[in-house]
Protein chains: 2
Amino acid sequence: MFLVTQAKTAKTASKKLAFVSTESKNKALYRIAEGLKQNTQAILEANAEDVILAQKSTDVRDHTNLKRSNSMIDRLMLNEDRIKAIAADVIKVAVLKDYVDDVIEDRVLKNAIRLQRVRVPIGVIGCIIESRPNVTVDVATLCLKSGNAVFIKGGSEAINTNRVLVRIMKEALGQSEVPFEAVQFLDSTDRAIVHEFLKLHEYIDLMIPRGSQKLIQFVRENASMPVIGAGGAIVHLYIDKFADVQKAVPVVINSKTRRVSICNALDTLLIHKDVPAEFFEKLKRQLEKYKVKIYADKRVYALFEGKYPYLQHAGEMDFDREFLDFAFAVKMVDSMDEAMEHIEKHGLRHTDAIVTEDHARAERFLKSVDSACVYHNISTQFTDGGQFGLGSEVAISTQKLHARGPFALEGLTTYKWIARGNGQVREP
Amino acid sequence: MFLVTQAKTAKTASKKLAFVSTESKNKALYRIAEGLKQNTQAILEANAEDVILAQKSTDVRDHTNLKRSNSMIDRLMLNEDRIKAIAADVIKVAVLKDYVDDVIEDRVLKNAIRLQRVRVPIGVIGCIIESRPNVTVDVATLCLKSGNAVFIKGGSEAINTNRVLVRIMKEALGQSEVPFEAVQFLDSTDRAIVHEFLKLHEYIDLMIPRGSQKLIQFVRENASMPVIGAGGAIVHLYIDKFADVQKAVPVVINSKTRRVSICNALDTLLIHKDVPAEFFEKLKRQLEKYKVKIYADKRVYALFEGKYPYLQHAGEMDFDREFLDFAFAVKMVDSMDEAMEHIEKHGLRHTDAIVTEDHARAERFLKSVDSACVYHNISTQFTDGGQFGLGSEVAISTQKLHARGPFALEGLTTYKWIARGNGQVREP
């Protein structure tokens, strides 16, 4: 099988790559950035093919929602500026600190053994990416910088774009000390092949699915190697009775509307029943500007009925929806505990926030809510590797182990224990 | 199902436990230690039942190997000293640093948001333990100290012992601020129930199998939650042509014979063809004392034939065996690269060591061999949380993510990102 051959090749390349210096890795990344810029025309042509195909076909993932389809095309489409931005992101990765060979601990034990805990690459990273071709380059360059080989499966809707991007990266690596075999691309739109891909634990050390909750769930259930699930979020914002309306409204609007197609966009707004009428008035005016559709629970519906044009009754399923659109679910709660219970029940442990002026309540919320990112009085859209000062991000992990929340180069390393001695043996 | 009820109860308890102070957790641990000592008689009686049953029955896991069965009984059997040691280990855990609430990072971003990365408990830890009832107490107390609830499935051969140990722990917790529901025990010897246990990802955040490679493999394949595989190792020691014989022989003997029933005991000895005859002479004399059985490849067999009483031809399977006994596989190699390739092919990434006086060769071995613990000129039996200064250990992880090698309290935590602001919204 070509799949196994590719995986083996990646494994072999990863062993060479572990010995490549930071300087050489950075040089390779600069070459990739250069290659992307020089090949802008080729990328745009391939991308145009993908976009045309995507526009023709109904969104295969959701026949009922054309807006979803538009959002998908927005994520897929590249232009000159976006390609420049992708190349600039590669340079950003080159500038980032290299964690490989970092000594986390260094101790001399009583028996004179020198024990070190040293960061090392993980090996081969598998990545399944839905749409957003910029992620292909992001992930590949972050993997290379951290000394890992990468095996990428892109979405079928982006296959032409990804094929060209990977070719450009491999050509650039061919002129560097990084083995070009360290980037492998699963050049197939056959869905069945994903099953085989997920069973390659002998060669792939970690699988990162980047996309919908559905994809992540599928990968978790079928992968035989460890998985870091990323993306897929039901983001909650709770407006407490002690919220400052002047802060609350902009935070809601920014959380929902700044960008709607990303995972940190607000999905469910929870409002304490004692929040003043002023909040609802101001919120309504702002939401209307963006034509945000509200899926309202009974109490919120009653409050907005006849006063807000884009109103609809929420079904119970709407509180488990990632909207990725100008729409969200809004619910009234009797207490902060009810809000936290709702988050516990419906949340996917990504980002959840509170707006309140009560310090003690804020702290209780931050400590109790079991999510990767918990915020007080800020927009949920801050969940981002760049915003967190990580330089970039591989993904936003929604699981608890290894890496949680936005993670980048550090999360792409593991460690080994190295002990050096002089013939020491262990006492009985 | 009582299983689901227990898991839910553990989840609820874990939420309370996350708020319990270090001092209160430590007090609870002291109570457990006290309880174990006061109930020594009850533990010994229950353990005697288990031992008698184990002696009567053939080892169900390996009908062909009675010695394996003896090693199992050694691991199962408790006496007053061992119970004292278990209680002493609990006190050691109480004395250890509490990682919960540790601030890993604390930064004020340009936009005046204060971003912290804070250690938090994982939640509910599931643990499947084969034999060794001391591990039950070890794991439970480490979980409690790190703010986690624990749900334990012991081996059927230790069920009476485990039942009493868990009862003692819960009684002790009943007199403390730690909810006694934070310790749950799967009181069943029904093997089918393990399948259900492994599907409780809604409540159990992490599953730790402690036992044979077979168990770990089974758990990895069947668990729906993240797994940290622990135990199960093919430990290699490579004697380089530049080895100092005076160091090499004691390192081999200690690696193989200090204790044979633990995972860091040597399984495969690889010897460079140019190692001097003196090494073989000395090694033979020492091994004979312990009646160590050698599964030898052709060249080693030829060298030892007629001169060593416990000699046998190695089959290819013997290089994939975890012996847990006074026996090991021995193979001659033509080069260090051949040794490293053998380790790559047969190893389980636990502990692998080299004996050599050549610094550059040692460093290449340490960097190239992809194992949790890589050693130069010391016994493989140093792989141990206590020896590493971790105070104790939950397990020795043979996977690359989250925790690798011996891990204890730090590995039982995760982190969350907490951001506090004053109404900040994200720029377009």
# chains A, B, ... in the order shown; residues from 1 in each chain; ligands from 1
>>> interface_residues(of="chain A", to="chain B", cutoff="8 Å", atoms="only C-alpha atoms", output="ChimeraX atom specification")
/A:15,109,115,122,205,220-221,224,226,247-248,250-251,254-255,258-259,366,368,371-379,381-382,388,400-405,414-428
>>> residues_around(residues="B:Gly385", least_positions_apart="3", cutoff="8 Å", atoms="only C-alpha atoms", output="PyMOL selection string")
chain B and resi 388-393+396+406-408
>>> residues_around(residues="stretch 330-345 of chain B", least_positions_apart="4", cutoff="6 Å", atoms="only C-alpha atoms", output="ChimeraX atom specification")
/B:268-273,296-297
>>> select_by_dssp(residues="stretch 303-384 of chain B", states="alpha helix (DSSP H)", output="PyMOL selection string")
chain B and resi 303-304+336-346+359-368
>>> atom_distance(atom1="atom CA of A:Pro133", atom2="atom CA of A:Phe151")
14.7 Å
>>> residues_around(residues="stretch 20-32 of chain B", least_positions_apart="2", cutoff="10 Å", atoms="only C-alpha atoms", output="PyMOL selection string")
chain B and resi 14-18+34-38+87-88+90-100+137+141-142+144-147+165-166+168-180
>>> residues_around(residues="stretch 298-305 of chain A", least_positions_apart="3", cutoff="9 Å", atoms="only C-alpha atoms", output="VMD selection string")
chain A and resid 280 284 294 to 295 308 to 309 311 to 314 330 to 332
>>> select_by_dssp(residues="stretch 121-283 of chain A", states="strand (DSSP E)", output="JSON, numbers by chain")
{"A": [121, 124, 125, 126, 127, 128, 129, 149, 150, 151, 152, 153, 183, 184, 185, 206, 207, 208, 209, 210, 236, 237, 238, 239, 268, 269, 270, 271, 272]}
>>> write_last_selection(atoms="C-alpha atoms", output="compact mmCIF listing (two decimals), in the first residue's frame")
# COMPACT_ATOMS: atom_id res chain seq x y z
CA PRO A 121 10.45 15.60 18.73
CA VAL A 124 5.66 11.53 12.87
CA ILE A 125 2.55 13.68 13.24
CA GLY A 126 -0.55 12.82 11.27
CA CYS A 127 -2.97 15.63 10.59
CA ILE A 128 -6.45 15.58 9.09
CA ILE A 129 -7.52 19.03 7.95
CA ALA A 149 7.82 14.59 10.08
CA VAL A 150 4.22 15.26 9.07
CA PHE A 151 1.69 13.23 7.13
CA ILE A 152 -1.23 15.38 6.00
CA LYS A 153 -4.70 14.40 4.84
CA VAL A 183 6.35 16.11 4.45
CA GLN A 184 3.91 13.49 3.19
CA PHE A 185 0.54 14.21 1.64
CA LEU A 206 0.17 11.34 17.05
CA MET A 207 -2.94 12.17 15.04
CA ILE A 208 -4.35 15.69 15.04
CA PRO A 209 -7.81 16.11 13.51
CA ARG A 210 -8.52 19.76 12.74
CA HIS A 236 -20.48 29.80 26.13
CA LEU A 237 -20.63 33.32 27.50
CA TYR A 238 -22.44 33.91 30.75
CA ILE A 239 -23.68 37.40 31.59
CA THR A 268 -24.56 30.00 23.44
CA LEU A 269 -25.23 33.14 25.42
CA LEU A 270 -26.45 32.55 28.96
CA ILE A 271 -28.03 35.53 30.71
CA HIS A 272 -28.88 35.83 34.38
>>> closest_atom_pairs(of="stretch 109-214 of chain A", to="stretch 46-60 of chain A", cutoff="10 Å", atoms="only C-alpha atoms", output="JSON lines")
{"residue": "A:Pro133", "atom": "CA", "partner": "A:Asn47", "partner_atom": "CA", "distance": 9.0}
{"residue": "A:Ser156", "atom": "CA", "partner": "A:Asp50", "partner_atom": "CA", "distance": 8.9}
{"residue": "A:Glu157", "atom": "CA", "partner": "A:Asp50", "partner_atom": "CA", "distance": 6.0}
{"residue": "A:Ala158", "atom": "CA", "partner": "A:Asp50", "partner_atom": "CA", "distance": 5.7}
{"residue": "A:Ile159", "atom": "CA", "partner": "A:Asp50", "partner_atom": "CA", "distance": 7.2}
{"residue": "A:Asn160", "atom": "CA", "partner": "A:Ala46", "partner_atom": "CA", "distance": 5.2}
{"residue": "A:Thr161", "atom": "CA", "partner": "A:Asn47", "partner_atom": "CA", "distance": 4.8}
{"residue": "A:Asn162", "atom": "CA", "partner": "A:Asn47", "partner_atom": "CA", "distance": 8.5}
{"residue": "A:Arg163", "atom": "CA", "partner": "A:Ala46", "partner_atom": "CA", "distance": 8.4}
{"residue": "A:Val164", "atom": "CA", "partner": "A:Ala46", "partner_atom": "CA", "distance": 7.0}
{"residue": "A:Leu165", "atom": "CA", "partner": "A:Ala46", "partner_atom": "CA", "distance": 9.4}
>>> residues_around(residues="A:Phe323", least_positions_apart="6", cutoff="10 Å", atoms="only C-alpha atoms", output="number ranges by chain")
A: 68, 233-235, 256, 260-263, 265-268, 329
>>> write_last_selection(atoms="N, CA and C atoms", output="compact mmCIF listing (two decimals), in the first residue's frame")
# COMPACT_ATOMS: atom_id res chain seq x y z
N ARG A 68 -23.82 27.69 5.63
CA ARG A 68 -22.70 26.88 6.05
C ARG A 68 -21.77 26.65 4.87
N ALA A 233 -16.27 23.21 18.95
CA ALA A 233 -16.46 23.84 20.25
C ALA A 233 -17.89 24.35 20.35
N ILE A 234 -18.46 24.25 21.54
CA ILE A 234 -19.67 25.00 21.83
C ILE A 234 -19.21 26.05 22.85
N VAL A 235 -19.06 27.27 22.38
CA VAL A 235 -18.51 28.32 23.23
C VAL A 235 -19.64 29.04 23.98
N LYS A 256 -19.43 37.00 19.21
CA LYS A 256 -20.24 36.39 18.17
C LYS A 256 -19.84 36.81 16.76
N VAL A 260 -17.16 34.63 12.32
CA VAL A 260 -18.15 33.63 12.73
C VAL A 260 -17.72 32.20 12.38
N SER A 261 -16.72 32.08 11.52
CA SER A 261 -16.41 30.73 11.02
C SER A 261 -15.27 30.06 11.80
N ILE A 262 -14.92 30.64 12.94
CA ILE A 262 -13.83 30.02 13.71
C ILE A 262 -14.35 29.45 15.02
N CYS A 263 -13.57 28.55 15.60
CA CYS A 263 -14.10 27.75 16.70
C CYS A 263 -14.30 28.54 17.98
N ALA A 265 -15.75 31.39 18.22
CA ALA A 265 -16.93 32.26 18.12
C ALA A 265 -18.03 31.75 19.05
N LEU A 266 -18.74 32.70 19.63
CA LEU A 266 -19.76 32.38 20.62
C LEU A 266 -20.89 31.55 20.02
N ASP A 267 -21.31 30.50 20.76
CA ASP A 267 -22.43 29.67 20.32
C ASP A 267 -23.65 29.81 21.22
N THR A 268 -23.43 29.90 22.52
CA THR A 268 -24.56 30.00 23.44
C THR A 268 -24.33 31.13 24.45
N ALA A 329 -27.50 30.60 20.11
CA ALA A 329 -28.57 30.25 21.03
C ALA A 329 -28.47 31.16 22.25
>>> residues_around(residues="A:Arg75", least_positions_apart="4", cutoff="10 Å", atoms="only C-alpha atoms", output="short mmCIF file (atom, residue, chain, number, x, y, z; two decimals) with N, CA, C and O atoms, in the first residue's frame")
data_model
loop_
_atom_site.label_atom_id
_atom_site.label_comp_id
_atom_site.auth_asym_id
_atom_site.auth_seq_id
_atom_site.Cartn_x
_atom_site.Cartn_y
_atom_site.Cartn_z
N SER A 69 -22.40 26.40 3.72
CA SER A 69 -21.65 26.18 2.52
C SER A 69 -20.85 27.43 2.15
O SER A 69 -19.69 27.35 1.77
N ASN A 70 -21.47 28.60 2.28
CA ASN A 70 -20.76 29.84 1.99
C ASN A 70 -19.57 30.04 2.92
O ASN A 70 -18.51 30.47 2.51
N SER A 71 -19.80 29.73 4.19
CA SER A 71 -18.73 29.86 5.17
C SER A 71 -17.59 28.91 4.80
O SER A 71 -16.41 29.24 4.91
N GLU A 130 -9.81 19.77 7.62
CA GLU A 130 -10.99 20.07 6.81
C GLU A 130 -10.88 21.52 6.31
O GLU A 130 -10.70 22.43 7.11
N SER A 131 -11.02 21.72 5.03
CA SER A 131 -10.91 23.05 4.40
C SER A 131 -9.67 23.83 4.84
O SER A 131 -8.67 23.25 5.19
N ARG A 132 -9.75 25.15 4.80
CA ARG A 132 -8.66 26.05 5.20
C ARG A 132 -7.27 25.60 4.81
O ARG A 132 -6.49 25.10 5.63
N PRO A 133 -6.91 25.79 3.55
CA PRO A 133 -5.60 25.30 3.10
C PRO A 133 -4.41 25.97 3.79
O PRO A 133 -3.33 25.39 3.82
N ASN A 134 -4.63 27.16 4.36
CA ASN A 134 -3.51 27.78 5.08
C ASN A 134 -3.04 26.91 6.24
O ASN A 134 -1.87 26.90 6.61
N SER A 261 -16.72 32.08 11.52
CA SER A 261 -16.41 30.73 11.02
C SER A 261 -15.27 30.06 11.80
O SER A 261 -14.72 29.07 11.35
N ILE A 262 -14.92 30.64 12.94
CA ILE A 262 -13.83 30.02 13.71
C ILE A 262 -14.35 29.45 15.02
O ILE A 262 -15.41 29.84 15.51
#
>>> atom_distance(atom1="atom CA of B:Leu215", atom2="atom CA of B:Ser188")
17.2 Å
